[in-house]
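Colleague: Please see the structure below; I have some questions.
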Amino acid sequence: MLTIDINKQLGDTLLQVTAELPTYGVSAIFGRSGAGKTSLVNILGGLATPDSGRVQLGERVLFDASRRINLRPEQRGTGFVFQDARLFPHYSVSGNLNYGRPRRGRKTSFDTVVELLGLEKLLPRYPAALSGGEKQRVAIGRALLTEPELLLMDEPLASLDLPRKKELLPYLQRMAEELKLPIVYVSHSLDEILQLADHMLVLDSGKMVLNGALEQVWDSPLLRPWQSVQEQSSLLSARVVETLPSYEMSRLDLTQDISLWVNKLLPQGESIRARIHSNQVSVCRERPQSTSIRNVLPVTLSAIETAETGQYVSLKLDLAGKVLWANITRWALDELQLVVGEPLFAQIKGVSLTSSDLAAA
Ligand SMILES: Nc1ncnc2c1ncn2[C@@H]1O[C@H](COP(=O)(O)OP(=O)(O)OP(=O)(O)O)[C@@H](O)[C@H]1O
């Protein structure tokens, strides 16, 4: 566990976090600008000192105000990746990667990191001849080669344009899956978090408002203000149990009796996180016959959330103990006269997927 119990006054904001983060996979720190994300990561890495409290990684105490322990950044075994790559301009990519590498007792092979981040062709080049995304890949490689026990990433995609972000994300996903290294990842993009993280801590004005496994935090009403109607979604974890190669479809088992068909051919047995956009879910009282929609699932209406304004209302549906959200129009709600507790059928049109191997590990 990464145990955090700290207080730090930051101007008018009091940063106060008491949390445990897992020592595997990606833990995202999410919050608005000024919430305290960077300050928290700097505290973990020893770049800033809390006023009081304790930080402990596994058995190692990194900071303990009462025992006057405050390990220097280089003693903490943490690697940093910032928004800007901060490469040394006068070193080649190869030189940058080797900077800060321990001379003895190396566990991480240079070639493995170069392959993982697709850096082979870039090795002789200098930073001035790299794109933003390539520079970030080098910065990540450099951090990995310092053999950190914890990797801290502060909005590593924020300075990149959308095509560069898309280019870098698969490398980050692969890194998170293949390296058994805990990663703390600051971001204010829910999309990014969804694709990378297993765990999520949400800060608001210096206070921790949520902390837990992604699926649980995702479903919290406290996260709703950050999501527009288009972004609202449910996250469901499942395993691939059947495939139909000729239709390029796979069946995920949500429970023993309830499955979800998705438009992708996936390896059998793989753990998957399915994101179901609330706008892609509709409800009906009777099971529709002869429908083109493959997913018609029995649910119970557990709550109706109406906003004061806007066309839509959110229906909270119980799908065999899991939460599924559906957005329907107010008009449909009035016409159907839905009642909390009644059995319905949810029709699910589109599902997007991210691997949750790490979360399941
Ligand atoms: N050393 C400091 N002294 C005074 N105030 C500070 C200090 N460091 C940060 N702050 C303030 O603390 C708050 C949190 O800052 P921080 O940079 O940690 O937020 P953030 O969530 O990372 O924001 P962003 O997403 O914009 O990077 C801000 O209001 C900031 O102005």
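In the structure tokens, the first chain shown is A, the next is B, and so on; residue numbers restart at 1 for each chain, and ligands run from 1 in the order shown.
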Return as a VMD selection string every polymer residue, whether protein, DNA or RNA, with at least one atom no more than 9 Å from an atom of ligand 1; count only C-alpha atoms and all ligand atoms.
Modeller: chain A and resid 9 to 15 29 to 42 48 154 to 155 186 to 188 203 to 206
Colleague: Pick out each residue of stretch 53-149 of chain A that DSSP on the backbone tags as alpha helix (DSSP H); I need them as a VMD selection string.
Modeller: chain A and resid 73 to 76 93 to 98 110 to 116 132 to 145
Colleague: Would you pick out the contacts of A:Leu2 at 12 Å or less, using only C-alpha atoms, so that residues sharing its chain but fewer than 5 positions from it are not included, and give the list as a PyMOL selection string?
Modeller: chain A and resi 18-24+27+44+54-63+149-151+182-184
Colleague: Can you tell me, as a PyMOL selection string, which residues in stretch 15-254 of chain A count as strand (DSSP E) by DSSP?
Modeller: chain A and resi 15-21+26-31+52-57+60-64+69-70+78-81+150-154+183-187+199-204+207-213+233-244+249-253
Colleague: Print the selection's residues with C-alpha atoms to a file, as a compact mmCIF listing (two decimals), in the first residue's frame.
Modeller:
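Ended up saving to out-v2.txt:
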# COMPACT_ATOMS: atom_id res chain seq x y z
CA LEU A 15 -4.45 20.17 1.25
CA GLN A 16 -5.67 17.32 3.42
CA VAL A 17 -5.41 13.75 2.22
CA THR A 18 -5.77 10.50 4.13
CA ALA A 19 -5.75 7.62 1.70
CA GLU A 20 -4.32 4.25 0.81
CA LEU A 21 -3.41 3.60 -2.81
CA VAL A 26 -2.42 3.00 -12.14
CA SER A 27 -3.96 5.23 -9.47
CA ALA A 28 -5.36 8.40 -10.98
CA ILE A 29 -5.49 11.70 -9.09
CA PHE A 30 -8.34 13.70 -10.53
CA GLY A 31 -9.72 17.16 -9.78
CA SER A 52 2.35 17.36 9.16
CA GLY A 53 1.60 13.70 8.58
CA ARG A 54 3.16 10.64 7.04
CA VAL A 55 3.82 8.99 3.68
CA GLN A 56 4.74 5.32 3.52
CA LEU A 57 5.37 3.04 0.54
CA ARG A 60 9.36 2.17 3.77
CA VAL A 61 8.58 5.43 5.54
CA LEU A 62 9.22 8.27 3.08
CA PHE A 63 8.02 11.04 5.35
CA ASP A 64 6.99 11.19 8.97
CA ILE A 69 11.87 11.52 8.65
CA ASN A 70 11.91 13.21 5.26
CA THR A 78 10.33 7.54 -7.25
CA GLY A 79 10.46 8.35 -10.96
CA PHE A 80 8.87 11.56 -12.26
CA VAL A 81 7.27 12.36 -15.59
CA LEU A 150 6.87 4.24 -7.73
CA LEU A 151 6.29 6.24 -10.91
CA LEU A 152 4.70 9.68 -10.54
CA MET A 153 3.19 11.14 -13.70
CA ASP A 154 1.84 14.69 -13.60
CA ILE A 183 1.94 4.48 -11.05
CA VAL A 184 0.31 7.62 -9.65
CA TYR A 185 -1.14 9.50 -12.59
CA VAL A 186 -2.46 13.07 -12.37
CA SER A 187 -5.04 13.98 -14.96
CA HIS A 199 -7.99 3.23 -8.91
CA MET A 200 -9.02 6.86 -8.58
CA LEU A 201 -8.64 9.56 -5.95
CA VAL A 202 -10.65 12.75 -6.44
CA LEU A 203 -9.56 16.06 -4.92
CA ASP A 204 -11.73 19.12 -4.56
CA LYS A 207 -9.86 17.80 0.18
CA MET A 208 -10.10 14.19 -0.84
CA VAL A 209 -13.74 13.61 -1.81
CA LEU A 210 -13.48 10.12 -3.32
CA ASN A 211 -10.94 7.31 -3.25
CA GLY A 212 -11.47 3.76 -4.46
CA ALA A 213 -11.50 1.27 -7.30
CA SER A 233 -21.67 6.24 -18.37
CA SER A 234 -21.57 3.05 -16.31
CA LEU A 235 -18.52 0.83 -15.93
CA LEU A 236 -18.99 -2.92 -15.77
CA SER A 237 -16.23 -5.48 -15.33
CA ALA A 238 -16.58 -8.81 -17.06
CA ARG A 239 -14.76 -11.67 -18.71
CA VAL A 240 -14.91 -12.75 -22.35
CA VAL A 241 -16.68 -16.13 -22.45
CA GLU A 242 -17.64 -16.63 -26.09
CA THR A 243 -16.79 -15.23 -29.50
CA LEU A 244 -18.51 -15.22 -32.88
CA MET A 249 -18.63 -10.16 -31.74
CA SER A 250 -17.72 -11.30 -28.23
CA ARG A 251 -19.87 -12.22 -25.26
CA LEU A 252 -18.98 -10.90 -21.81
CA ASP A 253 -20.40 -12.54 -18.70
Colleague: With a distance cut-off of 10 Å and only C-alpha atoms, select the neighbouring residues of A:Phe110, excluding the residue or stretch itself and same-chain residues fewer than 4 positions from it, and output the selection as a ChimeraX atom specification.
Modeller: /A:94,97-98,101,106,114-116,141-142,144-145
Colleague: Save the residues we just selected, N, CA and C atoms, as a PDB file, in the first residue's frame?
Modeller:
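File written: out01.pdb
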ATOM      1  N   SER A  94      19.484   8.449 -26.574  1.00  0.00           N
ATOM      2  CA  SER A  94      20.189   7.414 -25.851  1.00  0.00           C
ATOM      3  C   SER A  94      20.842   7.979 -24.582  1.00  0.00           C
ATOM      4  N   LEU A  97      18.245   8.690 -22.008  1.00  0.00           N
ATOM      5  CA  LEU A  97      17.724   7.471 -21.371  1.00  0.00           C
ATOM      6  C   LEU A  97      18.693   6.937 -20.325  1.00  0.00           C
ATOM      7  N   ASN A  98      19.971   7.100 -20.588  1.00  0.00           N
ATOM      8  CA  ASN A  98      20.970   6.558 -19.658  1.00  0.00           C
ATOM      9  C   ASN A  98      21.219   7.469 -18.467  1.00  0.00           C
ATOM     10  N   ARG A 101      20.628   6.428 -14.668  1.00  0.00           N
ATOM     11  CA  ARG A 101      20.518   4.955 -14.517  1.00  0.00           C
ATOM     12  C   ARG A 101      21.472   4.489 -13.445  1.00  0.00           C
ATOM     13  N   ARG A 106      21.326  -3.283 -11.775  1.00  0.00           N
ATOM     14  CA  ARG A 106      20.222  -2.920 -12.674  1.00  0.00           C
ATOM     15  C   ARG A 106      19.257  -4.083 -12.845  1.00  0.00           C
ATOM     16  N   VAL A 114      13.262   0.353 -24.315  1.00  0.00           N
ATOM     17  CA  VAL A 114      13.291   0.906 -25.673  1.00  0.00           C
ATOM     18  C   VAL A 114      12.206   0.244 -26.528  1.00  0.00           C
ATOM     19  N   GLU A 115      12.053  -1.063 -26.362  1.00  0.00           N
ATOM     20  CA  GLU A 115      11.047  -1.792 -27.138  1.00  0.00           C
ATOM     21  C   GLU A 115       9.639  -1.419 -26.676  1.00  0.00           C
ATOM     22  N   LEU A 116       9.476  -1.367 -25.363  1.00  0.00           N
ATOM     23  CA  LEU A 116       8.158  -1.071 -24.782  1.00  0.00           C
ATOM     24  C   LEU A 116       7.624   0.283 -25.262  1.00  0.00           C
ATOM     25  N   GLY A 141      10.662   6.736 -20.611  1.00  0.00           N
ATOM     26  CA  GLY A 141      11.741   5.733 -20.640  1.00  0.00           C
ATOM     27  C   GLY A 141      12.830   6.088 -19.644  1.00  0.00           C
ATOM     28  N   ARG A 142      13.198   7.360 -19.617  1.00  0.00           N
ATOM     29  CA  ARG A 142      14.258   7.792 -18.703  1.00  0.00           C
ATOM     30  C   ARG A 142      13.835   7.541 -17.253  1.00  0.00           C
ATOM     31  N   LEU A 144      11.700   5.312 -16.201  1.00  0.00           N
ATOM     32  CA  LEU A 144      11.652   3.865 -15.922  1.00  0.00           C
ATOM     33  C   LEU A 144      13.047   3.302 -15.688  1.00  0.00           C
ATOM     34  N   LEU A 145      14.027   3.831 -16.433  1.00  0.00           N
ATOM     35  CA  LEU A 145      15.382   3.292 -16.329  1.00  0.00           C
ATOM     36  C   LEU A 145      16.102   3.728 -15.051  1.00  0.00           C
TER      37      LEU A 145
END
Colleague: Using atom CA of A:Lys135 and atom CA of A:Gly25 as the two end points, give the distance in Å to one decimal.
Modeller: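 Taking atom CA of A:Lys135 and atom CA of A:Gly25, their separation equals 23.3 Å.
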Colleague: Fewer than 2 positions away in the same chain doesn't count, so skip those; otherwise give me all residues within 9 Å of A:Val323, counting only C-alpha atoms, as a short mmCIF file (atom, residue, chain, number, x, y, z; two decimals) with N, CA and C atoms, in the first residue's frame.
Modeller:
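The file below, out32.cif, is the result:
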data_model
loop_
_atom_site.label_atom_id
_atom_site.label_comp_id
_atom_site.auth_asym_id
_atom_site.auth_seq_id
_atom_site.Cartn_x
_atom_site.Cartn_y
_atom_site.Cartn_z
N ASP A 219 -19.13 5.49 -10.30
CA ASP A 219 -20.57 5.46 -10.10
C ASP A 219 -21.04 6.46 -9.05
N SER A 234 -21.74 4.04 -17.37
CA SER A 234 -21.57 3.05 -16.31
C SER A 234 -20.36 2.20 -16.69
N LEU A 235 -19.66 1.72 -15.68
CA LEU A 235 -18.52 0.83 -15.93
C LEU A 235 -18.86 -0.54 -15.39
N LEU A 236 -18.70 -1.56 -16.22
CA LEU A 236 -18.99 -2.92 -15.77
C LEU A 236 -17.78 -3.80 -16.08
N LYS A 316 -31.51 5.11 -12.80
CA LYS A 316 -30.53 4.20 -12.21
C LYS A 316 -31.15 2.81 -12.23
N LEU A 317 -30.49 1.90 -12.93
CA LEU A 317 -31.07 0.56 -13.09
C LEU A 317 -30.22 -0.47 -12.36
N ASP A 318 -30.87 -1.41 -11.75
CA ASP A 318 -30.15 -2.50 -11.08
C ASP A 318 -30.08 -3.67 -12.06
N LEU A 319 -28.84 -4.00 -12.46
CA LEU A 319 -28.63 -5.09 -13.39
C LEU A 319 -27.92 -6.20 -12.61
N ALA A 320 -28.70 -7.09 -12.06
CA ALA A 320 -28.16 -8.20 -11.25
C ALA A 320 -27.12 -7.70 -10.24
N GLY A 321 -27.47 -6.64 -9.52
CA GLY A 321 -26.59 -6.13 -8.48
C GLY A 321 -25.60 -5.08 -8.96
N TRP A 325 -26.76 2.98 -15.85
CA TRP A 325 -27.50 4.23 -15.99
C TRP A 325 -28.07 4.36 -17.39
#
Colleague: Could you work out how far atom CA of A:Ile193 lies from atom CA of A:Ile43, giving the answer in Å with one decimal?
Modeller: 21.3 Å
